[in-house]
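Chemist: This is the structure I want to talk about, given as structure tokens.
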Amino acid sequence: MKIYSGGCLCGAIRFAATGPAGKPHTCSCRFCQQHTGAPTAAWVEFPAERLAWTGAKPATWRSSDYSSRAFCPACGSSIGAIDDEPVVALLIGGFDDPSDPALQPQYHSFEDCRPGWLKVETASGQE
């Protein structure tokens, strides 16, 4: 299986996720907007048992009754969300190769929260 690697801006946090990458999508919910500082976030999910933190582990903040947001305490980079299921959703921009076709978003969540001036295209052609 393919290994997807990545990390934070300063390099303190590193991860290796064993594929396949699941549910690549964009999301414009307020949690994602505030977590990333962007009008939409691009995510991909992996079962927790297929993810290894190969550098420091991220700090977390409990954002809901089922998930915690992960970030680097040194540089502040948003890393993703660690769900209780256990699923880890990683932000696609943190991967070493974010252009990998397997990471291309397939759908857009919370499209109604997306600012009207922002156009988001997914592989399914959904905007």
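Labels for the structure tokens follow display order: chains A, B, ..., residues from 1 in each chain, ligands from 1.
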Which residues in chain A does DSSP call strand (DSSP E)? List them as a PyMOL selection string.
Modeler: chain A and resi 3-7+14-18+22-27+41-47+51-53+59-62+67-71+78-83+87-91+107-109
Chemist: Need to verify the contact set: segment 118-121 of chain A, 10 Å, only C-alpha atoms, exclusion of same-chain residues closer than 4 positions in sequence. Can you return it as a ChimeraX atom specification?
Modeler: /A:26-28,39-40,104-108,111,114,125-127
Chemist: Have a look at A:Pro73, A:Gly116, A:Gly93, A:Gly11 and name the one nearest to Gly55 of chain A; count only C-alpha atoms.
Modeler: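 Going through A:Pro73, A:Gly116, A:Gly93, A:Gly11 one by one, the smallest distance to Gly55 of chain A is for A:Gly11.
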Chemist: Of the candidates A:Ser68, A:Ser5, A:Ser63, A:Gln34, which one gets nearest to Leu51 of chain A if we count only C-alpha atoms?
Modeler: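 Of all the options, A:Ser5 lies closest to Leu51 of chain A.
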Chemist: For a test of reading the model, state the distance in Å between atom CA of Glu45 of chain A and atom CA of Pro101 of chain A, rounded to one decimal.
Modeler: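 Here the two named atoms are 14.7 Å from each other.
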Chemist: With distances taken over only C-alpha atoms, which of A:Ala12, A:Cys113, A:Cys72, A:Ala42 is nearest to Pro58 of chain A?
Modeler: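 Of the candidates, the smallest distance to Pro58 of chain A is held by A:Cys72.
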Chemist: Name the residues of segment 4-111 of chain A that fall into helix (DSSP H, G or I) according to DSSP on the backbone, using the chain letters and numbers of this document, as a list in words.
Modeler: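 After running DSSP on the backbone, segment 4-111 of chain A has helix (DSSP H, G or I) at Arg30, Phe31, Cys32, Gln33, Gln34, His35, Thr36, Ala48, Glu49, Arg50, Ile92, Gly93, Gly94, Pro101, Ala102, Leu103 and Glu111 of chain A.
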Chemist: So which one's closest to Arg50 of chain A, A:Leu91, A:Ala81, A:Ala102, A:Ala16? Using only C-alpha atoms, please.
Modeler: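 For Arg50 of chain A, the nearest of the candidates is A:Ala16.
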Chemist: Could you check how far atom CA of Thr36 of chain A sits from atom CA of Ala48 of chain A, in Å to one decimal?
Modeler: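 Computed distance, atom CA of Thr36 of chain A to atom CA of Ala48 of chain A, equals 21.3 Å.
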Chemist: For His25 of chain A, which residue among A:Tyr4, A:Trp43, A:Tyr66, A:Trp117 is the nearest when counting only C-alpha atoms?
Modeler: A:Trp43
Chemist: When distances are computed from only C-alpha atoms, which of A:Gln33, A:Ser64, A:Thr54, A:Ser78 shows the smallest separation from Ser109 of chain A?
Modeler: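 Closest residue, counting only C-alpha atoms: A:Gln33.
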Chemist: Please measure the separation of atom CA of Gly22 of chain A and atom CA of Gly76 of chain A, giving the value in Å to one decimal.
Modeler: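 Separating atom CA of Gly22 of chain A from atom CA of Gly76 of chain A is a distance of 25.3 Å.
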Chemist: Write out as a list of chain:residue names each polymer residue whose atoms come within 7 Å of Leu9 of chain A, counting only C-alpha atoms; drop sequence neighbours fewer than 2 positions from it.
Modeler: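 What passes the distance filter is A:Gly7, A:Gly11, A:Cys75, A:Ser77.
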Chemist: Write the selection just made, keeping all heavy atoms, as a PDB file, in the first residue's frame?
Modeler:
```pdb
ATOM      1  N   GLY A   7       3.590  16.913   6.994  1.00  0.00           N
ATOM      2  CA  GLY A   7       3.860  17.493   8.301  1.00  0.00           C
ATOM      3  C   GLY A   7       3.542  18.974   8.341  1.00  0.00           C
ATOM      4  O   GLY A   7       2.925  19.529   7.425  1.00  0.00           O
ATOM      5  N   GLY A  11       8.281  21.563  10.511  1.00  0.00           N
ATOM      6  CA  GLY A  11       8.845  20.225  10.412  1.00  0.00           C
ATOM      7  C   GLY A  11       8.867  19.437  11.707  1.00  0.00           C
ATOM      8  O   GLY A  11       9.287  18.281  11.717  1.00  0.00           O
ATOM      9  N   CYS A  75       4.764  25.970  15.503  1.00  0.00           N
ATOM     10  CA  CYS A  75       4.561  26.923  14.402  1.00  0.00           C
ATOM     11  C   CYS A  75       3.105  27.296  14.176  1.00  0.00           C
ATOM     12  O   CYS A  75       2.824  28.211  13.411  1.00  0.00           O
ATOM     13  CB  CYS A  75       5.176  26.385  13.113  1.00  0.00           C
ATOM     14  SG  CYS A  75       4.349  24.937  12.415  1.00  0.00           S
ATOM     15  N   SER A  77       0.775  25.508  12.700  1.00  0.00           N
ATOM     16  CA  SER A  77       0.139  24.894  11.530  1.00  0.00           C
ATOM     17  C   SER A  77      -1.030  24.014  11.926  1.00  0.00           C
ATOM     18  O   SER A  77      -0.931  23.220  12.858  1.00  0.00           O
ATOM     19  CB  SER A  77       1.137  24.016  10.769  1.00  0.00           C
ATOM     20  OG  SER A  77       2.176  24.773  10.223  1.00  0.00           O
TER      21      SER A  77
END
```
